[in-house]
Amino acid sequence: MARLIAILVGLGFTLVVLISFGVDTYTSITEPAPETAEHKFHLEPKAVSFPHDGVFGKWDTAQLQRGYVVYKEVCAACHSMKFVAFRDLADLGYTEPEVQALAAEWQVPGVDPQTGEAVLRAGEPTDYFPSPYPNAVAAAAANNNAIPPDLSLMAKARHGGAEYIYSLLTGYQEPSEELLAEFPEAAPGQGLYHNPYFPNLNLAMAPPLTATGQVSYEDGTEATIPQMAKDVSAFLSWTAEPTKVKRTQTGWPVLGFVLFATILAYLSKKQIWAAVKPAKRKD
Amino acid sequence: MSFAWAKQYEPSNGLMRWVDEKLPLPRLVYNAVGAGYPVPRNLNYMWNFGVLAGFALVLQIVTGVILAMHYAANAEVAFASVEHIMRDVNWGWMLRYAHANGASFFFVVIYLHIFRGLFYSSYKAPREMIWLLGVVIFLLVMATAFMGYVLPWGQMSFWGAKVITGLFGAIPLVGESIQVWLLGGFAPDNAALNRFFSLHFLLPFVTAGVIILHIWALHIPGSSNPTGVEVKSESDTVPFHPYYTAKDGFGLGIFLLIYFAVVFFLPNYLGHADNYIEANPLATPANIVPEWYFWPFYAILRAFTFDFILPAKLWGVLAMFASILLWFFLPWLDKSPVRSGHYRPLFRKFFWFGLIPCILVLGYCGGAHLSPWTIALSQLATAYYFLHFLVILPLISSFEKTEPMPYSITDAVLNADKKPVLGENTSPAV
Ligand code: HEM
């Protein structure tokens, strides 16, 4: 009886799902879904390598310091970085007084101790990076209705991570003839810019890195566009996960210890079982 | 309990004798996972996953309780409190990665444990109750994992919760009221986040309770084994301790090696990038997908696209729940007197060439972007899934000619290199 009911229920679900299959297959043959511009012209991130990549990677503090300059001089005009505090900059190889000086270069919201009015004051190491806009409405109003996302976690929040950020920053271009011929509606609208690395192909961020020497690096590195893009992408990998290198460096001793323990466990298992395992017969 | 030749607990000193008299807890442990539990001597490594599942639960409870000391279940600050754990709490990043990946590894071992049960038909009499409790555990762990994923309040947390709770909306008439009642609002918000946190904290302890019942039920018939032949004499078994404690210790080492490699080197590989974006009810992600361990069921949900008498969405919901609930009935659907897949040629073919590919396809399609061919594939795989469990499995025992089995476990072990002969006892007395 149980089996009969089961067979009926099973055939029921099978029948209904096969009807869905039939209908869907028929529709996708008779009316194939139209090809989309995003599907055909979107590009995967470029392959870029960073010194902190992989399980042996280490931060290149000189690169992170350069990336910080790019963030401060360029991106911070539009993007906040609310999960990162100035004190965290010590990771980039700055000393305590240097961190204090860097923090003081920023204006953060504060309260006037005399009047209690909201004012801007110089940043301190315990402050977090401020937002360039007072609120989301102001951010959208200044950017063609698109809110520049917070950059703290950007390198973890996109498929491709730092490589994606690098590709986005260096990927702005005119839409190709081929694209416009096939999908005229994919041409960037008012206030939008074409970038095949962006999932929708057009985004509201104007190319932020436009000229060699846009920022000046203290270590004498030439600030070409790819150089700045790479440095700021590395910097954003650090902001997304400041503990990344500590993590991989912790991993090795942990794995080493577990491997040692596993070998011991294997040997004792073998020893214990030797008595009851039949000897391999030779016949 | 268990077999007549099971060793009895002998307190080794005065203190333990005193404890054992007042509360025989040492005795209980000794009989459950010590030398007092005789276990078939021929278990293979597929029998390691029960202990590993227990270990994974403890791991989740330990890491989870500490995370809960730093986490704040409030939609305003939940996302930031997780970043606080990642950045400011000492070793907080390790705790969080250990817990998030711990859930994935929990599912890896549970799936392998269930797979063992399916291949060796461990669900058959006299072990039906073990299996039923196992399915309850699985449902509890799924509910726990689903609610846990909502807690960081990222984009996938929010939209996943919205899609899954939205399924209740498919129930005719009362569906929407149930949905609002479950969520405490029209969409997931603070009320939902708080109750999910409360339940996410509670359910693992309920699970621990059901595991105790699961193991209690296991100790009545004792463990099955790869031949499916029941224990006949003392020579068929070895005491759990030290034999299987040693084997499980080695298995645990292998598990930890893989687990720590992921925790330290690829901690976000199994996750979804969108969950590092704070929840935003106004921005729908391009592809809302649950965590990988729900993909097969999600594919079944999405396979129903045609309103046949009932709305397609309701069919999807029914099928998704049915795909798990039907496991409850397996002990009564599979009538073959032979347990182990080793001796069931027809069953084995359907298992390896039907069920396993079917589940892999469902898993792939559940995580993929919707496209005509992923939908078509998941529809065919869904059809096979139901056919396999509800039609093929109940029927094959009538056609199948099973292969000869060893007379006893001892026989199977000692004559492993010879073809086993049914009914002929070739084992020397041990
Ligand atoms: C938190 C999850 C679980 C834990 C901690 C757990 C624990 C255990 C342990 C320790 C054993 C004995 C060792 C072994 O045979 O591997 C066992 C046996 C068993 N479990 Fe589970 N289990 C869990 C989930 C499940 C689930 C989800 C199912 C099935 C849907 C299941 C089905 C079984 C069956 C049928 C047995 C008896 C197997 C045999 O002796 O052949 N278990 N479980």
# chains A, B, ... in the order shown; residues from 1 in each chain; ligands from 1
>>> interface_residues(of="chain A", to="chain B", cutoff="7 Å", atoms="only C-alpha atoms", output="tab-separated table (two decimals) with all heavy atoms, in the first residue's frame")
chain	number	residue	atom	x	y	z
A	2	ALA	N	1.85	1.29	0.93
A	2	ALA	CA	2.78	2.43	0.99
A	2	ALA	C	3.45	2.60	-0.36
A	2	ALA	O	3.59	3.71	-0.87
A	2	ALA	CB	3.82	2.19	2.07
A	3	ARG	N	3.83	1.44	-0.94
A	3	ARG	CA	4.55	1.53	-2.21
A	3	ARG	C	3.65	2.04	-3.33
A	3	ARG	O	4.07	2.80	-4.18
A	3	ARG	CB	5.14	0.17	-2.58
A	3	ARG	CG	6.30	-0.19	-1.67
A	3	ARG	CD	7.14	-1.27	-2.24
A	3	ARG	NE	6.45	-2.55	-2.26
A	3	ARG	CZ	6.91	-3.60	-2.91
A	3	ARG	NH1	8.03	-3.53	-3.59
A	3	ARG	NH2	6.24	-4.72	-2.89
A	6	ALA	N	3.33	5.73	-2.96
A	6	ALA	CA	4.59	6.36	-3.34
A	6	ALA	C	4.73	6.41	-4.85
A	6	ALA	O	5.11	7.43	-5.42
A	6	ALA	CB	5.76	5.58	-2.74
A	7	ILE	N	4.39	5.30	-5.51
A	7	ILE	CA	4.55	5.26	-6.96
A	7	ILE	C	3.64	6.30	-7.60
A	7	ILE	O	4.06	7.03	-8.52
A	7	ILE	CB	4.26	3.84	-7.49
A	7	ILE	CG1	5.38	2.90	-7.01
A	7	ILE	CG2	4.17	3.82	-9.01
A	7	ILE	CD1	5.13	1.44	-7.28
A	10	GLY	N	5.11	9.72	-6.93
A	10	GLY	CA	6.31	9.87	-7.74
A	10	GLY	C	5.97	10.15	-9.19
A	10	GLY	O	6.51	11.06	-9.81
A	11	LEU	N	5.02	9.38	-9.72
A	11	LEU	CA	4.64	9.60	-11.12
A	11	LEU	C	4.00	10.96	-11.27
A	11	LEU	O	4.19	11.64	-12.29
A	11	LEU	CB	3.69	8.49	-11.59
A	11	LEU	CG	4.35	7.12	-11.75
A	11	LEU	CD1	3.31	6.05	-12.10
A	11	LEU	CD2	5.45	7.15	-12.81
A	13	PHE	N	4.61	13.86	-9.55
A	13	PHE	CA	5.63	14.91	-9.63
A	13	PHE	C	6.37	14.82	-10.96
A	13	PHE	O	6.67	15.82	-11.59
A	13	PHE	CB	6.61	14.79	-8.48
A	13	PHE	CG	6.12	15.43	-7.20
A	13	PHE	CD1	5.94	14.70	-6.05
A	13	PHE	CD2	5.84	16.80	-7.18
A	13	PHE	CE1	5.50	15.30	-4.88
A	13	PHE	CE2	5.39	17.41	-6.01
A	13	PHE	CZ	5.22	16.65	-4.86
A	14	THR	N	6.67	13.58	-11.38
A	14	THR	CA	7.41	13.42	-12.62
A	14	THR	C	6.61	13.98	-13.79
A	14	THR	O	7.15	14.71	-14.63
A	14	THR	CB	7.69	11.92	-12.86
A	14	THR	OG1	8.26	11.39	-11.68
A	14	THR	CG2	8.62	11.73	-14.00
A	16	VAL	N	4.24	16.28	-13.78
A	16	VAL	CA	4.11	17.74	-13.76
A	16	VAL	C	5.42	18.39	-14.17
A	16	VAL	O	5.44	19.36	-14.95
A	16	VAL	CB	3.66	18.22	-12.36
A	16	VAL	CG1	3.62	19.73	-12.31
A	16	VAL	CG2	2.30	17.64	-12.03
A	17	VAL	N	6.55	17.87	-13.69
A	17	VAL	CA	7.82	18.52	-14.04
A	17	VAL	C	8.14	18.28	-15.51
A	17	VAL	O	8.72	19.14	-16.18
A	17	VAL	CB	8.97	18.09	-13.09
A	17	VAL	CG1	9.54	16.73	-13.43
A	17	VAL	CG2	10.07	19.14	-13.09
A	18	LEU	N	7.70	17.13	-16.04
A	18	LEU	CA	7.96	16.90	-17.47
A	18	LEU	C	7.07	17.78	-18.34
A	18	LEU	O	7.47	18.17	-19.44
A	18	LEU	CB	7.78	15.41	-17.82
A	18	LEU	CG	8.92	14.52	-17.28
A	18	LEU	CD1	8.68	13.07	-17.66
A	18	LEU	CD2	10.29	14.99	-17.77
A	20	SER	N	6.29	20.85	-17.48
A	20	SER	CA	7.08	22.09	-17.46
A	20	SER	C	8.23	22.00	-18.45
A	20	SER	O	8.52	22.93	-19.20
A	20	SER	CB	7.66	22.36	-16.07
A	20	SER	OG	6.64	22.63	-15.15
A	21	PHE	N	8.90	20.85	-18.45
A	21	PHE	CA	10.04	20.65	-19.36
A	21	PHE	C	9.60	20.79	-20.81
A	21	PHE	O	10.21	21.50	-21.60
A	21	PHE	CB	10.66	19.27	-19.11
A	21	PHE	CG	11.70	18.88	-20.11
A	21	PHE	CD1	12.96	19.46	-20.08
A	21	PHE	CD2	11.42	17.92	-21.09
A	21	PHE	CE1	13.93	19.11	-21.01
A	21	PHE	CE2	12.39	17.56	-22.02
A	21	PHE	CZ	13.64	18.16	-21.97
A	25	THR	N	10.83	23.76	-23.16
A	25	THR	CA	11.68	23.42	-24.28
A	25	THR	C	11.04	23.90	-25.58
A	25	THR	O	11.71	24.48	-26.45
A	25	THR	CB	11.92	21.90	-24.35
A	25	THR	OG1	12.26	21.47	-23.04
A	25	THR	CG2	13.02	21.55	-25.29
A	28	SER	N	11.47	27.62	-25.76
A	28	SER	CA	12.83	28.13	-26.02
A	28	SER	C	13.29	27.76	-27.42
A	28	SER	O	14.21	28.37	-27.94
A	28	SER	CB	13.82	27.65	-24.95
A	28	SER	OG	13.89	26.25	-24.96
A	55	VAL	N	48.91	31.74	-1.03
A	55	VAL	CA	49.06	31.29	0.35
A	55	VAL	C	50.41	31.69	0.94
A	55	VAL	O	50.66	31.49	2.12
A	55	VAL	CB	48.87	29.77	0.45
A	55	VAL	CG1	47.45	29.39	0.08
A	55	VAL	CG2	49.86	29.05	-0.44
A	153	LEU	N	34.82	47.14	1.69
A	153	LEU	CA	34.74	45.71	1.41
A	153	LEU	C	34.68	45.41	-0.08
A	153	LEU	O	34.43	44.27	-0.46
A	153	LEU	CB	33.50	45.14	2.09
A	153	LEU	CG	33.66	44.91	3.59
A	153	LEU	CD1	32.32	44.72	4.26
A	153	LEU	CD2	34.55	43.71	3.81
A	156	LYS	N	36.02	42.31	-1.69
A	156	LYS	CA	35.41	41.03	-1.39
A	156	LYS	C	34.00	40.96	-1.93
A	156	LYS	O	33.41	39.88	-2.01
A	156	LYS	CB	35.32	40.83	0.13
A	156	LYS	CG	36.54	40.27	0.78
A	156	LYS	CD	36.37	40.46	2.27
A	156	LYS	CE	36.74	39.26	3.06
A	156	LYS	NZ	36.42	39.51	4.49
A	157	ALA	N	33.43	42.10	-2.27
A	157	ALA	CA	32.01	42.16	-2.60
A	157	ALA	C	31.74	42.03	-4.09
A	157	ALA	O	30.60	42.16	-4.54
A	157	ALA	CB	31.41	43.47	-2.09
A	158	ARG	N	32.80	41.82	-4.88
A	158	ARG	CA	32.60	41.63	-6.31
A	158	ARG	C	33.31	40.37	-6.73
A	158	ARG	O	34.41	40.08	-6.26
A	158	ARG	CB	33.17	42.81	-7.12
A	158	ARG	CG	32.46	44.12	-6.94
A	158	ARG	CD	31.06	44.13	-7.53
A	158	ARG	NE	30.42	45.43	-7.38
A	158	ARG	CZ	29.82	45.85	-6.28
A	158	ARG	NH1	29.77	45.07	-5.21
A	158	ARG	NH2	29.28	47.04	-6.21
A	159	HIS	N	32.69	39.66	-7.65
A	159	HIS	CA	33.33	38.51	-8.29
A	159	HIS	C	34.61	39.01	-8.96
A	159	HIS	O	34.57	39.98	-9.70
A	159	HIS	CB	32.33	37.95	-9.31
A	159	HIS	CG	32.92	36.93	-10.21
A	159	HIS	ND1	33.24	35.66	-9.79
A	159	HIS	CD2	33.25	37.00	-11.51
A	159	HIS	CE1	33.74	35.00	-10.80
A	159	HIS	NE2	33.76	35.78	-11.85
A	247	ARG	N	46.22	35.66	8.24
A	247	ARG	CA	45.44	34.43	8.08
A	247	ARG	C	46.25	33.34	7.39
A	247	ARG	O	46.37	32.22	7.90
A	247	ARG	CB	44.18	34.77	7.28
A	247	ARG	CG	43.49	33.61	6.64
A	247	ARG	CD	42.08	33.94	6.27
A	247	ARG	NE	41.91	34.84	5.14
A	247	ARG	CZ	42.16	34.55	3.88
A	247	ARG	NH1	42.64	33.38	3.55
A	247	ARG	NH2	41.95	35.45	2.93
A	248	THR	N	46.85	33.65	6.23
A	248	THR	CA	47.58	32.60	5.52
A	248	THR	C	48.82	32.20	6.32
A	248	THR	O	49.21	31.04	6.34
A	248	THR	CB	47.98	33.03	4.11
A	248	THR	OG1	48.62	34.29	4.17
A	248	THR	CG2	46.78	33.13	3.20
A	251	GLY	N	47.84	29.82	8.87
A	251	GLY	CA	47.41	28.55	8.31
A	251	GLY	C	48.51	27.50	8.26
A	251	GLY	O	48.27	26.33	8.57
A	255	LEU	N	48.24	23.80	9.83
A	255	LEU	CA	48.21	22.61	8.98
A	255	LEU	C	49.37	21.67	9.31
A	255	LEU	O	49.20	20.45	9.32
A	255	LEU	CB	48.27	23.00	7.50
A	255	LEU	CG	46.96	23.52	6.91
A	255	LEU	CD1	47.13	23.81	5.44
A	255	LEU	CD2	45.85	22.49	7.11
A	258	VAL	N	48.41	19.76	12.40
A	258	VAL	CA	47.36	18.76	12.15
A	258	VAL	C	47.92	17.61	11.33
A	258	VAL	O	47.58	16.44	11.56
A	258	VAL	CB	46.13	19.39	11.47
A	258	VAL	CG1	45.09	18.33	11.15
A	258	VAL	CG2	45.52	20.46	12.36
A	259	LEU	N	48.81	17.92	10.40
A	259	LEU	CA	49.41	16.86	9.59
A	259	LEU	C	50.20	15.90	10.48
A	259	LEU	O	50.06	14.67	10.40
A	259	LEU	CB	50.33	17.46	8.52
A	259	LEU	CG	50.97	16.44	7.59
A	259	LEU	CD1	49.90	15.76	6.75
A	259	LEU	CD2	52.00	17.10	6.69
A	261	ALA	N	49.76	15.40	13.69
A	261	ALA	CA	48.83	14.64	14.53
A	261	ALA	C	48.15	13.55	13.70
A	261	ALA	O	47.90	12.44	14.20
A	261	ALA	CB	47.78	15.59	15.12
A	262	THR	N	47.86	13.85	12.43
A	262	THR	CA	47.18	12.86	11.59
A	262	THR	C	48.10	11.67	11.32
A	262	THR	O	47.65	10.52	11.29
A	262	THR	CB	46.75	13.51	10.26
A	262	THR	OG1	46.00	14.67	10.58
A	262	THR	CG2	45.89	12.57	9.44
A	265	ALA	N	48.05	9.63	14.32
A	265	ALA	CA	46.77	8.93	14.42
A	265	ALA	C	46.77	7.75	13.47
A	265	ALA	O	46.29	6.66	13.80
A	265	ALA	CB	45.63	9.88	14.11
A	266	TYR	N	47.34	7.93	12.28
A	266	TYR	CA	47.37	6.84	11.31
A	266	TYR	C	48.21	5.68	11.83
A	266	TYR	O	47.80	4.52	11.78
A	266	TYR	CB	47.91	7.34	9.98
A	266	TYR	CG	48.07	6.22	8.99
A	266	TYR	CD1	46.94	5.61	8.43
A	266	TYR	CD2	49.32	5.73	8.65
A	266	TYR	CE1	47.06	4.55	7.56
A	266	TYR	CE2	49.46	4.67	7.78
A	266	TYR	CZ	48.32	4.07	7.24
A	266	TYR	OH	48.45	3.02	6.39
A	268	SER	N	48.93	4.95	14.91
A	268	SER	CA	48.35	4.22	16.04
A	268	SER	C	47.18	3.39	15.57
A	268	SER	O	46.97	2.27	16.04
A	268	SER	CB	47.97	5.16	17.18
A	268	SER	OG	47.11	6.14	16.71
A	269	LYS	N	46.44	3.90	14.59
A	269	LYS	CA	45.34	3.10	14.04
A	269	LYS	C	45.89	1.80	13.44
A	269	LYS	O	45.35	0.72	13.66
A	269	LYS	CB	44.62	3.93	12.98
A	269	LYS	CG	43.38	3.27	12.42
A	269	LYS	CD	43.49	3.06	10.93
A	269	LYS	CE	42.64	1.89	10.51
A	269	LYS	NZ	43.01	1.38	9.22
A	272	ILE	N	46.96	-0.57	16.21
A	272	ILE	CA	45.84	-1.18	16.94
A	272	ILE	C	45.15	-2.25	16.11
A	272	ILE	O	44.78	-3.31	16.60
A	272	ILE	CB	44.86	-0.07	17.37
A	272	ILE	CG1	45.47	0.73	18.52
A	272	ILE	CG2	43.50	-0.65	17.77
A	272	ILE	CD1	44.75	2.01	18.83
A	273	TRP	N	45.01	-1.97	14.82
A	273	TRP	CA	44.26	-2.90	13.97
A	273	TRP	C	45.10	-4.10	13.54
A	273	TRP	O	44.55	-5.09	13.04
A	273	TRP	CB	43.71	-2.17	12.75
A	273	TRP	CG	42.44	-1.44	13.07
A	273	TRP	CD1	42.34	-0.19	13.60
A	273	TRP	CD2	41.11	-1.91	12.92
A	273	TRP	NE1	41.03	0.14	13.79
A	273	TRP	CE2	40.24	-0.89	13.38
A	273	TRP	CE3	40.54	-3.10	12.45
A	273	TRP	CZ2	38.85	-1.03	13.37
A	273	TRP	CZ3	39.15	-3.23	12.44
A	273	TRP	CH2	38.33	-2.19	12.91
A	278	PRO	N	43.37	-9.72	9.09
A	278	PRO	CA	43.97	-10.98	8.66
A	278	PRO	C	45.22	-10.68	7.85
A	278	PRO	O	45.25	-9.71	7.10
A	278	PRO	CB	42.88	-11.60	7.79
A	278	PRO	CG	42.03	-10.46	7.35
A	278	PRO	CD	42.14	-9.41	8.40
>>> residues_near_ligand(ligand="ligand 1", cutoff="7 Å", atoms="only C-alpha atoms and all ligand atoms", output="PyMOL selection string")
chain B and resi 47-51+53-54+57+110+113-114+117+122-123+127+130-132+134-138+141+207+211+214-215+218+222-225
>>> select_by_dssp(residues="stretch 18-174 of chain B", states="helix (DSSP H, G or I)", output="PyMOL selection string")
chain B and resi 18-22+25-33+45-68+78-87+92-119+128-150+155-170
>>> atom_distance(atom1="atom CA of B:Ser397", atom2="atom CA of A:Leu4")
14.3 Å
>>> residues_around(residues="A:Leu43", least_positions_apart="3", cutoff="10 Å", atoms="only C-alpha atoms", output="ChimeraX atom specification")
/A:38-40,46,167,171,195-199,201
>>> write_last_selection(atoms="all heavy atoms", output="compact mmCIF listing (two decimals), in the first residue's frame")
# COMPACT_ATOMS: atom_id res chain seq x y z
N GLU A 38 24.66 42.43 -22.47
CA GLU A 38 25.47 42.10 -21.28
C GLU A 38 26.09 40.72 -21.44
O GLU A 38 27.23 40.48 -21.08
CB GLU A 38 24.60 42.08 -20.01
CG GLU A 38 24.11 43.44 -19.55
CD GLU A 38 22.82 43.83 -20.25
OE1 GLU A 38 22.40 43.11 -21.19
OE2 GLU A 38 22.24 44.86 -19.87
N HIS A 39 25.28 39.80 -21.96
CA HIS A 39 25.78 38.43 -22.08
C HIS A 39 26.90 38.35 -23.09
O HIS A 39 27.91 37.70 -22.88
CB HIS A 39 24.62 37.51 -22.47
CG HIS A 39 25.03 36.08 -22.58
ND1 HIS A 39 25.04 35.40 -23.77
CD2 HIS A 39 25.48 35.21 -21.64
CE1 HIS A 39 25.47 34.17 -23.56
NE2 HIS A 39 25.73 34.03 -22.28
N LYS A 40 26.73 39.08 -24.20
CA LYS A 40 27.67 38.91 -25.29
C LYS A 40 28.93 39.77 -25.14
O LYS A 40 30.02 39.35 -25.54
CB LYS A 40 26.97 39.27 -26.61
CG LYS A 40 27.73 38.81 -27.82
CD LYS A 40 26.86 38.69 -29.03
CE LYS A 40 27.72 38.45 -30.26
NZ LYS A 40 27.00 38.70 -31.50
N LYS A 46 40.52 41.22 -15.98
CA LYS A 46 41.87 40.92 -16.49
C LYS A 46 42.65 40.18 -15.41
O LYS A 46 42.38 40.34 -14.23
CB LYS A 46 42.61 42.23 -16.79
CG LYS A 46 41.89 43.16 -17.74
CD LYS A 46 42.67 44.46 -17.89
CE LYS A 46 41.81 45.51 -18.61
NZ LYS A 46 42.46 46.82 -18.73
N SER A 167 40.42 46.08 -13.40
CA SER A 167 39.88 46.03 -14.76
C SER A 167 38.87 47.14 -14.99
O SER A 167 38.82 47.75 -16.06
CB SER A 167 39.20 44.68 -15.01
OG SER A 167 40.02 43.64 -14.62
N GLY A 171 39.34 49.91 -17.68
CA GLY A 171 38.57 49.32 -18.77
C GLY A 171 37.65 50.27 -19.52
O GLY A 171 36.93 49.83 -20.42
N ASN A 195 31.83 50.61 -20.06
CA ASN A 195 32.94 49.82 -19.49
C ASN A 195 32.55 48.35 -19.55
O ASN A 195 31.67 47.92 -18.81
CB ASN A 195 33.20 50.27 -18.05
CG ASN A 195 34.49 49.71 -17.49
OD1 ASN A 195 34.85 48.57 -17.77
ND2 ASN A 195 35.18 50.53 -16.70
N PRO A 196 33.20 47.58 -20.42
CA PRO A 196 32.77 46.19 -20.63
C PRO A 196 33.01 45.29 -19.41
O PRO A 196 32.52 44.17 -19.38
CB PRO A 196 33.61 45.71 -21.82
CG PRO A 196 34.76 46.63 -21.88
CD PRO A 196 34.31 47.94 -21.31
N TYR A 197 33.78 45.78 -18.42
CA TYR A 197 34.00 44.95 -17.22
C TYR A 197 32.88 45.11 -16.21
O TYR A 197 32.76 44.34 -15.27
CB TYR A 197 35.35 45.31 -16.58
CG TYR A 197 36.47 44.97 -17.51
CD1 TYR A 197 37.02 45.95 -18.35
CD2 TYR A 197 36.94 43.67 -17.62
CE1 TYR A 197 38.02 45.62 -19.25
CE2 TYR A 197 37.93 43.34 -18.51
CZ TYR A 197 38.47 44.32 -19.34
OH TYR A 197 39.44 43.99 -20.23
N PHE A 198 32.07 46.15 -16.39
CA PHE A 198 30.94 46.37 -15.49
C PHE A 198 29.78 45.49 -15.97
O PHE A 198 29.49 45.46 -17.17
CB PHE A 198 30.55 47.85 -15.53
CG PHE A 198 29.52 48.24 -14.49
CD1 PHE A 198 29.83 48.22 -13.14
CD2 PHE A 198 28.23 48.61 -14.87
CE1 PHE A 198 28.90 48.56 -12.18
CE2 PHE A 198 27.28 48.96 -13.91
CZ PHE A 198 27.62 48.94 -12.57
N PRO A 199 29.10 44.79 -15.05
CA PRO A 199 28.08 43.83 -15.49
C PRO A 199 27.03 44.42 -16.44
O PRO A 199 26.59 43.74 -17.36
CB PRO A 199 27.45 43.35 -14.19
CG PRO A 199 28.50 43.55 -13.16
CD PRO A 199 29.31 44.74 -13.59
N LEU A 201 27.52 46.97 -18.41
CA LEU A 201 28.30 47.61 -19.48
C LEU A 201 28.37 49.14 -19.38
O LEU A 201 29.27 49.74 -19.96
CB LEU A 201 27.76 47.24 -20.88
CG LEU A 201 27.70 45.74 -21.20
CD1 LEU A 201 27.20 45.53 -22.62
CD2 LEU A 201 29.03 45.06 -20.99
>>> closest_residue(among="B:Ala412, B:Pro152, B:Phe328, B:Met147", to="B:Leu183", atoms="only C-alpha atoms")
B:Met147
>>> residues_around(residues="B:Leu139", least_positions_apart="6", cutoff="10 Å", atoms="only C-alpha atoms", output="PDB file with N, CA and C atoms, in the first residue's frame")
ATOM      1  N   LEU B 133      15.232   9.480  12.768  1.00  0.00           N
ATOM      2  CA  LEU B 133      15.822  10.543  13.585  1.00  0.00           C
ATOM      3  C   LEU B 133      16.898  11.277  12.793  1.00  0.00           C
ATOM      4  N   ALA B 145      21.114  26.303   9.451  1.00  0.00           N
ATOM      5  CA  ALA B 145      22.040  26.912   8.500  1.00  0.00           C
ATOM      6  C   ALA B 145      21.357  28.056   7.747  1.00  0.00           C
ATOM      7  N   THR B 207      19.155  19.913  18.122  1.00  0.00           N
ATOM      8  CA  THR B 207      19.819  18.904  17.289  1.00  0.00           C
ATOM      9  C   THR B 207      20.650  17.969  18.159  1.00  0.00           C
ATOM     10  N   ILE B 324      12.725  15.924   0.295  1.00  0.00           N
ATOM     11  CA  ILE B 324      13.401  15.507   1.535  1.00  0.00           C
ATOM     12  C   ILE B 324      12.489  14.614   2.367  1.00  0.00           C
ATOM     13  N   LEU B 325      11.213  15.012   2.466  1.00  0.00           N
ATOM     14  CA  LEU B 325      10.320  14.255   3.343  1.00  0.00           C
ATOM     15  C   LEU B 325      10.168  12.807   2.881  1.00  0.00           C
TER      16      LEU B 325
END
>>> closest_residue(among="B:Met156, B:Val33, B:Ala279, B:Leu28", to="B:Ala75", atoms="only C-alpha atoms")
B:Ala279
>>> atom_distance(atom1="atom CA of A:Gln63", atom2="atom CA of A:Tyr193")
28.2 Å
>>> residues_around(residues="stretch 231-245 of chain A", least_positions_apart="4", cutoff="8 Å", atoms="only C-alpha atoms", output="ChimeraX atom specification")
/A:50,52,57-59,63-68,70-71,84,91,151-156,161-163,165-166,227,249 /B:87,93
>>> closest_residue(among="A:Ala146, A:Val137, A:Ala229, A:Ala90", to="A:Leu168", atoms="only C-alpha atoms")
A:Ala229
>>> residues_around(residues="A:Asn144", least_positions_apart="2", cutoff="12 Å", atoms="only C-alpha atoms", output="list of chain:residue names")
A:Val137, A:Ala138, A:Ala139, A:Ala140, A:Ala141, A:Ala142, A:Ala146, A:Ile147, A:Pro148, A:Gly189, A:Gln190, A:Gly191, A:Leu192, A:Tyr193, A:Leu203, A:Ala204, A:Met205, A:Ala206
>>> write_last_selection(atoms="C-alpha atoms", output="PDB file, in the first residue's frame")
ATOM      1  CA  VAL A 137      20.292  61.576  -1.045  1.00  0.00           C
ATOM      2  CA  ALA A 138      23.158  64.025  -1.445  1.00  0.00           C
ATOM      3  CA  ALA A 139      25.372  61.224  -2.784  1.00  0.00           C
ATOM      4  CA  ALA A 140      22.805  60.229  -5.386  1.00  0.00           C
ATOM      5  CA  ALA A 141      22.076  63.831  -6.346  1.00  0.00           C
ATOM      6  CA  ALA A 142      25.747  64.487  -7.042  1.00  0.00           C
ATOM      7  CA  ALA A 146      23.814  56.433  -8.520  1.00  0.00           C
ATOM      8  CA  ILE A 147      25.192  56.199  -4.976  1.00  0.00           C
ATOM      9  CA  PRO A 148      28.950  55.579  -4.953  1.00  0.00           C
ATOM     10  CA  GLY A 189      22.950  57.191 -21.799  1.00  0.00           C
ATOM     11  CA  GLN A 190      23.302  60.671 -20.340  1.00  0.00           C
ATOM     12  CA  GLY A 191      25.844  60.624 -17.472  1.00  0.00           C
ATOM     13  CA  LEU A 192      26.804  57.010 -18.069  1.00  0.00           C
ATOM     14  CA  TYR A 193      30.152  55.654 -19.230  1.00  0.00           C
ATOM     15  CA  LEU A 203      28.021  52.827 -15.161  1.00  0.00           C
ATOM     16  CA  ALA A 204      27.542  56.193 -13.533  1.00  0.00           C
ATOM     17  CA  MET A 205      31.161  56.595 -12.401  1.00  0.00           C
ATOM     18  CA  ALA A 206      33.137  58.836 -14.733  1.00  0.00           C
TER      19      ALA A 206
END
>>> atom_distance(atom1="atom CA of B:Gly228", atom2="atom CA of B:Trp352")
18.5 Å
>>> residues_around(residues="A:Val119", least_positions_apart="6", cutoff="12 Å", atoms="only C-alpha atoms", output="PyMOL selection string")
chain A and resi 107-113
>>> write_last_selection(atoms="C-alpha atoms", output="mmCIF file, in the first residue's frame")
data_model
loop_
_atom_site.group_PDB
_atom_site.id
_atom_site.type_symbol
_atom_site.label_atom_id
_atom_site.label_comp_id
_atom_site.auth_asym_id
_atom_site.auth_seq_id
_atom_site.Cartn_x
_atom_site.Cartn_y
_atom_site.Cartn_z
ATOM 1 C CA GLN A 107 38.062 66.494 8.275
ATOM 2 C CA VAL A 108 35.568 64.403 10.228
ATOM 3 C CA PRO A 109 32.193 65.343 11.697
ATOM 4 C CA GLY A 110 32.428 66.465 15.315
ATOM 5 C CA VAL A 111 30.797 68.638 17.945
ATOM 6 C CA ASP A 112 31.978 72.076 18.992
ATOM 7 C CA PRO A 113 32.854 71.653 22.705
#
